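Peer 1: structure20.pdb is reproduced below (PDB, C-alpha atoms).
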```pdb
MODEL        1
ATOM      1  CA  MET A  29       2.024   1.642  32.711
ATOM      2  CA  SER A  30       3.327  -0.938  35.263
ATOM      3  CA  ALA A  31       6.008   0.333  37.688
ATOM      4  CA  GLU A  32       7.762  -2.983  37.114
ATOM      5  CA  ALA A  33       7.896  -2.661  33.293
ATOM      6  CA  PRO A  34      11.310  -3.850  32.051
ATOM      7  CA  ASP A  35      13.807  -1.177  31.090
ATOM      8  CA  ILE A  36      14.293  -1.822  27.382
ATOM      9  CA  GLY A  37      14.854   1.739  26.198
ATOM     10  CA  LEU A  38      11.174   2.322  25.587
ATOM     11  CA  ILE A  39      10.537   5.811  24.220
ATOM     12  CA  SER A  40       7.884   7.585  26.243
ATOM     13  CA  LEU A  41       4.601   7.393  24.388
ATOM     14  CA  ALA A  42       4.071  10.996  25.347
ATOM     15  CA  GLU A  43       6.942  11.923  23.002
ATOM     16  CA  ILE A  44       5.195  10.490  19.950
ATOM     17  CA  ASP A  45       4.428  13.206  17.423
ATOM     18  CA  ARG A  46       0.630  13.528  17.532
ATOM     19  CA  ALA A  47       0.604  15.428  14.267
ATOM     20  CA  ILE A  48       1.732  12.210  12.568
ATOM     21  CA  HIS A  49       0.376   9.624  14.977
ATOM     22  CA  GLU A  50      -3.182   9.685  13.722
ATOM     23  CA  PRO A  51      -4.363   7.113  11.139
ATOM     24  CA  ALA A  52      -5.810   9.573   8.626
ATOM     25  CA  ARG A  53      -2.789  11.866   8.778
ATOM     26  CA  LEU A  54      -0.422   8.906   8.546
ATOM     27  CA  LEU A  55      -2.296   7.810   5.447
ATOM     28  CA  LEU A  56      -2.026  11.323   4.004
ATOM     29  CA  LEU A  57       1.674  11.486   4.717
ATOM     30  CA  ALA A  58       2.205   8.083   3.123
ATOM     31  CA  HIS A  59       0.690   9.409  -0.099
ATOM     32  CA  LEU A  60       2.670  12.631   0.011
ATOM     33  CA  PHE A  61       5.886  10.844   0.962
ATOM     34  CA  GLY A  62       6.166   9.073  -2.388
ATOM     35  CA  ALA A  63       5.018  12.016  -4.500
ATOM     36  CA  GLU A  64       6.581  15.383  -5.284
ATOM     37  CA  SER A  65       3.224  17.097  -5.008
ATOM     38  CA  ALA A  66      -0.477  16.326  -5.173
ATOM     39  CA  ASP A  67      -3.679  18.310  -5.258
ATOM     40  CA  PHE A  68      -6.718  18.078  -2.977
ATOM     41  CA  LEU A  69      -8.796  15.975  -5.351
ATOM     42  CA  TYR A  70      -6.047  13.351  -5.729
ATOM     43  CA  LEU A  71      -5.640  13.103  -1.954
ATOM     44  CA  LEU A  72      -9.418  12.991  -1.497
ATOM     45  CA  ARG A  73      -9.760  10.034  -3.874
ATOM     46  CA  ARG A  74      -6.728   8.153  -2.620
ATOM     47  CA  THR A  75      -7.499   8.450   1.097
ATOM     48  CA  GLY A  76     -11.285   8.072   0.959
ATOM     49  CA  LEU A  77     -11.646  10.802   3.583
ATOM     50  CA  THR A  78     -14.495  13.290   3.422
ATOM     51  CA  LYS A  79     -13.724  16.797   2.175
ATOM     52  CA  GLY A  80     -14.079  18.342   5.606
ATOM     53  CA  ASN A  81     -11.991  15.651   7.234
ATOM     54  CA  LEU A  82      -9.225  15.905   4.651
ATOM     55  CA  SER A  83      -9.236  19.664   4.875
ATOM     56  CA  ALA A  84      -8.897  19.562   8.651
ATOM     57  CA  HIS A  85      -6.035  17.044   8.574
ATOM     58  CA  LEU A  86      -4.162  18.991   5.916
ATOM     59  CA  ARG A  87      -4.537  22.137   7.969
ATOM     60  CA  LYS A  88      -3.138  20.343  11.008
ATOM     61  CA  LEU A  89      -0.117  19.170   9.005
ATOM     62  CA  GLU A  90       0.325  22.651   7.591
ATOM     63  CA  GLU A  91       0.290  24.144  11.100
ATOM     64  CA  ALA A  92       2.948  21.647  12.113
ATOM     65  CA  ARG A  93       4.919  22.811   9.010
ATOM     66  CA  TYR A  94       5.086  19.254   7.701
ATOM     67  CA  VAL A  95       3.114  20.098   4.576
ATOM     68  CA  ASP A  96       3.432  23.081   2.277
ATOM     69  CA  VAL A  97       0.656  24.507   0.144
ATOM     70  CA  GLU A  98       1.366  26.147  -3.164
ATOM     71  CA  LYS A  99      -0.999  27.778  -5.612
ATOM     72  CA  THR A 100       0.358  27.118  -9.076
ATOM     73  CA  PHE A 101      -0.642  26.609 -12.699
ATOM     74  CA  VAL A 102      -0.337  23.455 -14.751
ATOM     75  CA  GLU A 103      -0.941  24.205 -18.427
ATOM     76  CA  ARG A 104      -2.904  27.306 -17.422
ATOM     77  CA  LEU A 105      -5.084  25.269 -15.080
ATOM     78  CA  PRO A 106      -4.984  26.797 -11.571
ATOM     79  CA  LEU A 107      -4.046  24.182  -9.003
ATOM     80  CA  THR A 108      -3.427  24.143  -5.281
ATOM     81  CA  VAL A 109      -0.834  21.481  -4.570
ATOM     82  CA  TYR A 110       0.447  20.008  -1.342
ATOM     83  CA  ARG A 111       3.942  18.723  -0.741
ATOM     84  CA  LEU A 112       5.868  17.330   2.164
ATOM     85  CA  THR A 113       8.422  19.726   3.641
ATOM     86  CA  ASP A 114      11.940  18.762   4.691
ATOM     87  CA  ALA A 115      10.796  19.126   8.286
ATOM     88  CA  GLY A 116       7.943  16.763   7.498
ATOM     89  CA  ARG A 117      10.317  14.158   6.088
ATOM     90  CA  ARG A 118      12.580  14.447   9.127
ATOM     91  CA  ALA A 119       9.593  14.144  11.445
ATOM     92  CA  ILE A 120       8.464  10.993   9.635
ATOM     93  CA  GLY A 121      11.948   9.554  10.033
ATOM     94  CA  THR A 122      11.891  10.262  13.764
ATOM     95  CA  TYR A 123       8.383   8.855  14.118
ATOM     96  CA  ARG A 124       9.412   5.709  12.273
ATOM     97  CA  ARG A 125      12.365   5.123  14.620
ATOM     98  CA  GLN A 126      10.208   5.744  17.680
ATOM     99  CA  MET A 127       7.548   3.311  16.482
ATOM    100  CA  LEU A 128      10.144   0.646  15.700
ATOM    101  CA  ASP A 129      11.534   1.027  19.231
ATOM    102  CA  ILE A 130       8.069   0.820  20.726
ATOM    103  CA  LEU A 131       7.040  -2.197  18.665
ATOM    104  CA  ALA A 132      10.282  -3.958  19.641
ATOM    105  CA  VAL A 133       8.713  -4.303  23.103
ATOM    106  CA  PHE A 134       6.432  -6.976  21.693
ATOM    107  CA  ASP A 135       9.340  -8.912  20.224
ATOM    108  CA  ALA A 136      11.158  -8.800  23.559
ATOM    109  CA  GLY A 137       8.067 -10.159  25.299
ATOM    110  CA  ALA A 138       7.632 -13.111  22.895
TER
ATOM    111  CA  MET B  93     -11.284   6.030   5.048
ATOM    112  CA  THR B  94     -10.116   3.408   2.564
ATOM    113  CA  THR B  95      -9.689  -0.071   3.997
ATOM    114  CA  ALA B  96      -7.134  -2.740   3.137
ATOM    115  CA  PHE B  97      -4.452  -0.112   2.723
ATOM    116  CA  ASP B  98      -0.947  -1.175   1.771
ATOM    117  CA  LEU B  99       1.567   1.574   2.491
ATOM    118  CA  GLY B 100       4.023  -0.015   0.076
ATOM    119  CA  GLU B 101       1.514   0.342  -2.729
ATOM    120  CA  THR B 102       0.993   4.112  -2.494
ATOM    121  CA  ARG B 103       3.647   5.025  -5.025
ATOM    122  CA  PRO B 104       3.097   2.221  -7.599
ATOM    123  CA  SER B 105      -0.672   2.648  -7.555
ATOM    124  CA  GLY B 106      -0.266   6.417  -7.656
ATOM    125  CA  ARG B 107       1.977   6.167 -10.710
ATOM    126  CA  ARG B 108      -0.662   3.994 -12.374
ATOM    127  CA  GLU B 109      -3.038   6.968 -12.213
ATOM    128  CA  ALA B 110      -1.005   8.676 -14.925
ATOM    129  CA  TYR B 111      -2.142   5.994 -17.352
ATOM    130  CA  LEU B 112      -5.822   5.749 -16.423
ATOM    131  CA  ASP B 113      -7.011   8.105 -19.148
ATOM    132  CA  GLY B 114      -5.583   6.360 -22.245
ATOM    133  CA  LEU B 115      -4.289   9.671 -23.591
ATOM    134  CA  LEU B 116      -0.718   8.414 -23.888
ATOM    135  CA  GLU B 117      -1.827   5.496 -26.052
ATOM    136  CA  LEU B 118      -3.777   7.920 -28.262
ATOM    137  CA  ALA B 119      -0.705  10.142 -28.570
ATOM    138  CA  ILE B 120       1.485   7.169 -29.488
ATOM    139  CA  GLY B 121      -1.092   6.159 -32.093
ATOM    140  CA  GLY B 122      -0.968   9.654 -33.585
ATOM    141  CA  LEU B 123       2.819   9.575 -33.634
ATOM    142  CA  LEU B 124       2.845   6.218 -35.394
ATOM    143  CA  PHE B 125       0.466   7.512 -38.062
ATOM    144  CA  ILE B 126       2.966  10.269 -38.725
ATOM    145  CA  VAL B 127       5.732   7.670 -38.944
ATOM    146  CA  ALA B 128       3.640   5.734 -41.466
ATOM    147  CA  LEU B 129       2.966   8.888 -43.468
ATOM    148  CA  ALA B 130       6.521  10.222 -43.546
ATOM    149  CA  THR B 131       8.636   7.078 -43.788
ATOM    150  CA  GLY B 132      10.450   6.962 -47.103
ATOM    151  CA  ARG B 133       8.815  10.245 -48.213
ATOM    152  CA  PRO B 134      11.222  13.162 -47.746
ATOM    153  CA  ALA B 135       8.467  15.659 -48.548
ATOM    154  CA  PHE B 136       6.803  14.656 -45.265
ATOM    155  CA  TYR B 137       9.846  14.570 -42.986
ATOM    156  CA  TRP B 138       8.737  17.926 -41.507
ATOM    157  CA  THR B 139       5.852  16.078 -39.849
ATOM    158  CA  TYR B 140       8.351  14.356 -37.526
ATOM    159  CA  LEU B 141       9.349  17.772 -36.210
ATOM    160  CA  ILE B 142       5.721  18.793 -35.736
ATOM    161  CA  ALA B 143       5.063  15.554 -33.857
ATOM    162  CA  ILE B 144       8.044  16.073 -31.554
ATOM    163  CA  LEU B 145       7.076  19.692 -30.861
ATOM    164  CA  ILE B 146       3.366  19.036 -30.325
ATOM    165  CA  LEU B 147       3.251  15.631 -28.635
ATOM    166  CA  GLY B 148       4.555  16.511 -25.172
ATOM    167  CA  PRO B 149       2.843  19.888 -24.680
ATOM    168  CA  GLY B 150      -0.339  18.577 -26.327
ATOM    169  CA  LEU B 151      -0.513  15.642 -23.972
ATOM    170  CA  ARG B 152       0.064  17.874 -20.941
ATOM    171  CA  ARG B 153      -2.649  20.275 -22.106
ATOM    172  CA  LEU B 154      -5.138  17.436 -22.597
ATOM    173  CA  LYS B 155      -4.367  16.014 -19.158
ATOM    174  CA  ALA B 156      -4.820  19.410 -17.536
ATOM    175  CA  HIS B 157      -8.259  19.826 -19.081
ATOM    176  CA  TYR B 158      -9.621  16.274 -19.083
ATOM    177  CA  THR B 159      -7.737  14.188 -16.550
ATOM    178  CA  TYR B 160      -6.876  16.364 -13.555
ATOM    179  CA  PRO B 161     -10.436  17.698 -13.093
ATOM    180  CA  ARG B 162     -11.587  14.080 -12.805
ATOM    181  CA  ILE B 163      -8.963  12.281 -10.734
ATOM    182  CA  GLY B 164      -6.766  15.050  -9.408
ATOM    183  CA  TYR B 165      -3.159  15.940  -9.996
ATOM    184  CA  VAL B 166      -0.070  14.211  -8.683
ATOM    185  CA  ARG B 167       3.543  14.539  -9.637
ATOM    186  CA  PHE B 168       6.106  11.870  -8.836
ATOM    187  CA  PRO B 169       9.859  12.300  -8.916
ATOM    188  CA  SER B 170      11.224  11.491 -12.374
ATOM    189  CA  ASP B 171      13.460   8.535 -12.936
ATOM    190  CA  ASP B 172      17.154   9.399 -12.880
ATOM    191  CA  PRO B 173      17.833  10.806 -16.407
ATOM    192  CA  ARG B 174      21.216   9.083 -16.550
ATOM    193  CA  SER B 175      19.766   5.667 -15.893
ATOM    194  CA  VAL B 176      16.966   6.322 -18.411
ATOM    195  CA  ARG B 177      19.516   7.353 -21.059
ATOM    196  CA  LYS B 178      21.634   4.323 -20.246
ATOM    197  CA  GLY B 179      18.602   2.052 -20.507
ATOM    198  CA  VAL B 180      17.462   3.524 -23.811
ATOM    199  CA  THR B 181      20.962   3.378 -25.315
ATOM    200  CA  SER B 182      21.441  -0.219 -24.188
ATOM    201  CA  TRP B 183      18.077  -1.252 -25.588
ATOM    202  CA  VAL B 184      18.613   0.458 -28.965
ATOM    203  CA  LEU B 185      22.123  -0.970 -29.294
ATOM    204  CA  GLY B 186      20.815  -4.371 -28.289
ATOM    205  CA  VAL B 187      18.179  -4.242 -31.015
ATOM    206  CA  PHE B 188      20.772  -3.284 -33.638
ATOM    207  CA  VAL B 189      23.080  -6.075 -32.518
ATOM    208  CA  LEU B 190      20.226  -8.593 -32.614
ATOM    209  CA  VAL B 191      19.247  -7.577 -36.147
ATOM    210  CA  ALA B 192      22.894  -7.522 -37.256
ATOM    211  CA  VAL B 193      23.404 -11.039 -35.907
ATOM    212  CA  ALA B 194      20.229 -12.265 -37.624
ATOM    213  CA  LEU B 195      21.309 -10.729 -40.956
ATOM    214  CA  THR B 196      24.818 -12.139 -40.576
ATOM    215  CA  LEU B 197      23.495 -15.633 -39.913
ATOM    216  CA  SER B 198      21.241 -15.377 -42.968
ATOM    217  CA  GLY B 199      24.158 -14.137 -45.071
ATOM    218  CA  HIS B 200      22.620 -10.712 -45.770
ATOM    219  CA  PHE B 201      24.682  -8.441 -43.517
ATOM    220  CA  ALA B 202      26.070  -6.433 -46.442
ATOM    221  CA  ASP B 203      22.717  -6.283 -48.271
ATOM    222  CA  ARG B 204      21.157  -2.786 -47.941
ATOM    223  CA  LEU B 205      17.797  -4.073 -49.047
ATOM    224  CA  ALA B 206      17.868  -6.682 -46.270
ATOM    225  CA  TRP B 207      18.461  -3.915 -43.707
ATOM    226  CA  ARG B 208      15.475  -2.004 -45.102
ATOM    227  CA  ARG B 209      13.369  -5.154 -44.925
ATOM    228  CA  ALA B 210      14.473  -5.555 -41.279
ATOM    229  CA  ALA B 211      13.278  -2.024 -40.449
ATOM    230  CA  PRO B 212       9.877  -3.119 -39.036
ATOM    231  CA  ALA B 213      11.619  -5.614 -36.764
ATOM    232  CA  MET B 214      13.932  -2.885 -35.482
ATOM    233  CA  ALA B 215      11.108  -0.411 -35.023
ATOM    234  CA  GLY B 216       8.888  -3.063 -33.449
ATOM    235  CA  LEU B 217      11.530  -4.111 -30.951
ATOM    236  CA  MET B 218      12.434  -0.524 -30.089
ATOM    237  CA  PHE B 219       8.830   0.451 -29.460
ATOM    238  CA  ALA B 220       8.409  -2.765 -27.485
ATOM    239  CA  GLY B 221      11.147  -1.472 -25.195
ATOM    240  CA  GLY B 222       9.248   1.770 -24.724
ATOM    241  CA  PHE B 223       6.015  -0.066 -23.921
ATOM    242  CA  LEU B 224       7.859  -2.343 -21.486
ATOM    243  CA  TYR B 225       9.213   0.736 -19.681
ATOM    244  CA  LEU B 226       5.630   2.017 -19.384
ATOM    245  CA  ALA B 227       4.472  -1.402 -18.219
ATOM    246  CA  ARG B 228       7.125  -1.416 -15.486
ATOM    247  CA  GLN B 229       5.711   1.823 -14.130
ATOM    248  CA  SER B 230       2.015   1.170 -14.681
ATOM    249  CA  HIS B 231       1.787  -2.614 -14.152
ATOM    250  CA  LEU B 232      -1.067  -2.476 -16.651
ATOM    251  CA  ALA B 233      -1.700  -5.504 -18.852
ATOM    252  CA  ARG B 234      -2.392  -3.387 -21.937
ATOM    253  CA  HIS B 235       1.184  -2.056 -21.980
ATOM    254  CA  TYR B 236       2.569  -5.579 -21.946
ATOM    255  CA  VAL B 237       0.158  -6.469 -24.751
ATOM    256  CA  LEU B 238       1.241  -3.443 -26.815
ATOM    257  CA  ALA B 239       4.899  -4.374 -26.260
ATOM    258  CA  ALA B 240       4.314  -7.941 -27.411
ATOM    259  CA  ALA B 241       2.227  -6.812 -30.392
ATOM    260  CA  SER B 242       4.865  -4.304 -31.453
ATOM    261  CA  ALA B 243       7.678  -6.861 -31.373
ATOM    262  CA  LEU B 244       5.676  -9.655 -32.973
ATOM    263  CA  LEU B 245       4.216  -7.541 -35.786
ATOM    264  CA  GLY B 246       7.618  -6.042 -36.488
ATOM    265  CA  ILE B 247       9.256  -9.437 -36.814
ATOM    266  CA  LEU B 248       6.439 -10.945 -38.878
ATOM    267  CA  LEU B 249       6.462  -8.016 -41.333
ATOM    268  CA  VAL B 250      10.104  -8.593 -42.286
ATOM    269  CA  TRP B 251       9.192 -11.332 -44.762
ATOM    270  CA  PRO B 252       6.300 -10.122 -46.950
ATOM    271  CA  THR B 253       7.321  -8.193 -50.063
ATOM    272  CA  MET B 254       5.611  -4.818 -50.144
ATOM    273  CA  GLU B 255       5.516  -1.786 -52.377
ATOM    274  CA  GLY B 256       8.191   0.836 -51.867
ATOM    275  CA  ALA B 257      11.499   0.775 -50.034
ATOM    276  CA  TYR B 258       9.892   0.946 -46.597
ATOM    277  CA  GLY B 259       6.493  -0.551 -47.333
ATOM    278  CA  ASN B 260       6.877  -3.110 -44.522
ATOM    279  CA  LEU B 261       7.759  -0.428 -42.007
ATOM    280  CA  ARG B 262       4.766   1.677 -43.048
ATOM    281  CA  VAL B 263       2.420  -1.284 -42.613
ATOM    282  CA  TRP B 264       3.882  -1.969 -39.162
ATOM    283  CA  ALA B 265       3.431   1.683 -38.205
ATOM    284  CA  ILE B 266      -0.176   1.787 -39.452
ATOM    285  CA  MET B 267      -1.102  -1.446 -37.647
ATOM    286  CA  MET B 268       0.486  -0.327 -34.375
ATOM    287  CA  ALA B 269      -1.094   3.112 -34.769
ATOM    288  CA  LEU B 270      -4.534   1.551 -35.152
ATOM    289  CA  LEU B 271      -3.972  -0.770 -32.209
ATOM    290  CA  SER B 272      -2.777   2.089 -29.971
ATOM    291  CA  LEU B 273      -5.662   4.315 -31.032
ATOM    292  CA  VAL B 274      -8.265   1.602 -30.426
ATOM    293  CA  VAL B 275      -6.788   0.748 -27.016
ATOM    294  CA  GLY B 276      -6.435   4.424 -26.079
ATOM    295  CA  ALA B 277      -9.959   5.308 -27.222
ATOM    296  CA  ASP B 278     -11.490   2.420 -25.272
ATOM    297  CA  VAL B 279      -9.550   3.323 -22.129
ATOM    298  CA  LEU B 280     -10.544   6.987 -22.492
ATOM    299  CA  ARG B 281     -14.217   6.081 -22.982
ATOM    300  CA  ARG B 282     -14.219   4.010 -19.796
ATOM    301  CA  PHE B 283     -12.219   6.646 -17.934
ATOM    302  CA  VAL B 284     -14.687   9.423 -18.798
ATOM    303  CA  ARG B 285     -17.601   7.152 -17.874
ATOM    304  CA  ASP B 286     -16.120   6.056 -14.535
ATOM    305  CA  HIS B 287     -14.656   9.419 -13.452
ATOM    306  CA  PRO B 288     -17.026  12.364 -13.887
ATOM    307  CA  ARG B 289     -15.589  15.847 -13.591
ATOM    308  CA  VAL B 290     -15.423  17.139 -10.049
ATOM    309  CA  GLU B 291     -16.382  20.803 -10.320
ATOM    310  CA  ASP B 292     -15.619  21.766  -6.786
ATOM    311  CA  ARG B 293     -12.042  20.542  -6.327
ATOM    312  CA  MET B 294     -10.985  22.831  -3.553
ATOM    313  CA  PRO B 295     -11.421  22.233   0.168
ATOM    314  CA  ASP B 296     -14.483  23.836   1.751
ATOM    315  CA  VAL B 297     -12.678  25.272   4.709
ATOM    316  CA  ARG B 298      -9.319  27.037   4.918
TER
ENDMDL
END
```
Spell out the structure here as structure tokens.
Peer 2:
Amino acid sequence: MSAEAPDIGLISLAEIDRAIHEPARLLLLAHLFGAESADFLYLLRRTGLTKGNLSAHLRKLEEARYVDVEKTFVERLPLTVYRLTDAGRRAIGTYRRQMLDILAVFDAGA
Amino acid sequence: MTTAFDLGETRPSGRREAYLDGLLELAIGGLLFIVALATGRPAFYWTYLIAILILGPGLRRLKAHYTYPRIGYVRFPSDDPRSVRKGVTSWVLGVFVLVAVALTLSGHFADRLAWRRAAPAMAGLMFAGGFLYLARQSHLARHYVLAAASALLGILLVWPTMEGAYGNLRVWAIMMALLSLVVGADVLRRFVRDHPRVEDRMPDVR
């Protein structure tokens, strides 16, 4: 980054949450954000990711404690469902504010 | 990864998934057949209770066994119960007021027979409200069509003279039942064709 970059309160890009700041995971979180819970097959269809890819991204979000996994039953059908945690929702809120601040740079430059 | 993704569309298009299988339309058709059977026949009033007890759990059971293995499971937050109750109450009251005004203008407000004859219009408009609520969530054309058909048929069936105290209402219920069943069956046929069961629904790696 230029040493002469204007001081406009730009959040360091290094502070961006990498668990969220990845297109596939952002897509996943968008789907989970609006829903109470969803299973693997629903997320697979809606994101278009491969099984392995989806599995890996969900694991990453689980490790970050942004997504919870619950084994449950729906009408005696065993289901594994994923849901966004409160920490996940807070993290999305923070990420959103950071991105808005970062993208404001482009408005300032116009 | 899917292309042309609209973040704002995730929830509306996700909600639409609940209506992909046509099972709700089939259930409504079944309910309306029971209405047609039991209306004006006290010996069959017990079927209303059976319908109420079976409809919800039956639909959930069918979805668990036919729908979720094909398109997955998602649960969205329910609408605020208070606003739903307020909406339903307003709609029902509105329908009664509309019918009362129509009967008053025609000079038949105090005529019990006229109120019975207006029953299909009331039922048609009330069910139209239900279909419009579904349409608001699903944005599916067929729900708008069912709403329009329900209202129109109900109003048109006020005039013909039919056998029995609630003959008009029974005919409305049978026609709407058939329409719902045909629509539901066609949607289900296409759903089963376009969405085969996915046997292995779990992730490979944990």
Peer 1: Taking only C-alpha atoms into account, find every residue of chain A that has an atom no more than 8 Å from chain B, and write it out as a PyMOL selection string.
Peer 2: chain A and resi 52+55+58-59+62-71+73-77+79-80+83-84+87+102-103+105+108
Peer 1: If you count only C-alpha atoms, which residues fall within 8 Å of Tyr236 in chain B, apart from same-chain ones fewer than 6 positions away, as a list in words?
Peer 2: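 Selected residues are Phe223, Leu224 and Ala227 of chain B.
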Peer 1: Applied to the shown file, which residues does the PyMOL selection byres ((chain A and resi 43-51) around 9) return, written as an MDAnalysis selection string?
Peer 2: chainID A and resid 39:42 52:57 85 88:89 92 94 119:120 122:123 126:127
Peer 1: Please provide as a PyMOL selection string all residues within 8 Å of Leu261 in chain B, with the sequence filter that same-chain residues fewer than 2 positions apart are discarded (counting all atoms listed in the file).
Peer 2: chain B and resi 128+131+209+211-212+215+246+249+258-259+263-265
Peer 1: Include C-alpha atoms and write out the residues we just selected as an mmCIF file, keeping the file's coordinate frame.
Peer 2:
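Wrote part.cif, looks like this:
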```cif
data_model
loop_
_atom_site.group_PDB
_atom_site.id
_atom_site.type_symbol
_atom_site.label_atom_id
_atom_site.label_comp_id
_atom_site.auth_asym_id
_atom_site.auth_seq_id
_atom_site.Cartn_x
_atom_site.Cartn_y
_atom_site.Cartn_z
ATOM 1 C CA ALA B 128 3.640 5.734 -41.466
ATOM 2 C CA THR B 131 8.636 7.078 -43.788
ATOM 3 C CA ARG B 209 13.369 -5.154 -44.925
ATOM 4 C CA ALA B 211 13.278 -2.024 -40.449
ATOM 5 C CA PRO B 212 9.877 -3.119 -39.036
ATOM 6 C CA ALA B 215 11.108 -0.411 -35.023
ATOM 7 C CA GLY B 246 7.618 -6.042 -36.488
ATOM 8 C CA LEU B 249 6.462 -8.016 -41.333
ATOM 9 C CA TYR B 258 9.892 0.946 -46.597
ATOM 10 C CA GLY B 259 6.493 -0.551 -47.333
ATOM 11 C CA VAL B 263 2.420 -1.284 -42.613
ATOM 12 C CA TRP B 264 3.882 -1.969 -39.162
ATOM 13 C CA ALA B 265 3.431 1.683 -38.205
#
```
Peer 1: Go ahead and compute the interatomic distance for CA of Ala115 in chain A and CA of Ala132 in chain A, in Å to one decimal.
Peer 2: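 Pair CA of Ala115 in chain A / CA of Ala132 in chain A returns 25.7 Å.
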Peer 1: Mind giving me the straight-line distance from CA of Ala277 in chain B to CA of Gly121 in chain B in Å, one decimal?
Peer 2: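 Taking CA of Ala277 in chain B and CA of Gly121 in chain B, their separation equals 10.2 Å.
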Peer 1: Between CA of Leu244 in chain B and CA of Leu232 in chain B, what distance in Å does the model show, to one decimal?
Peer 2: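 According to the coordinates, CA of Leu244 in chain B and CA of Leu232 in chain B are separated by 19.1 Å.
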Peer 1: Please, which residues are within 10 Å of (5.7, 8.7, -49.4) by the file's coordinates, counting only C-alpha atoms, and could they come as an MDAnalysis selection string?
Peer 2: chainID B and resid 128:137 256:259 262
Peer 1: For the provided coordinates, the residues matched by the PyMOL selection byres ((chain B and resi 247) around 12) should be stated as a VMD selection string.
Peer 2: chain B and resid 187 190 to 191 194 209 to 218 220 240 to 246 248 to 252 260 to 261 264
Peer 1: With all atoms listed in the file as the basis for distance, which of B:Ser198, B:Arg281, B:Ile126, B:Gly221 is at the shortest distance from Gly186 in chain B?
Peer 2: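 When distances to Gly186 in chain B are compared using all atoms listed in the file, the smallest one comes from B:Gly221.
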Peer 1: Using only C-alpha atoms, which of B:Arg208, B:Phe125, B:Gln229, B:Trp183 sits nearest Asp171 in chain B?
Peer 2: B:Gln229
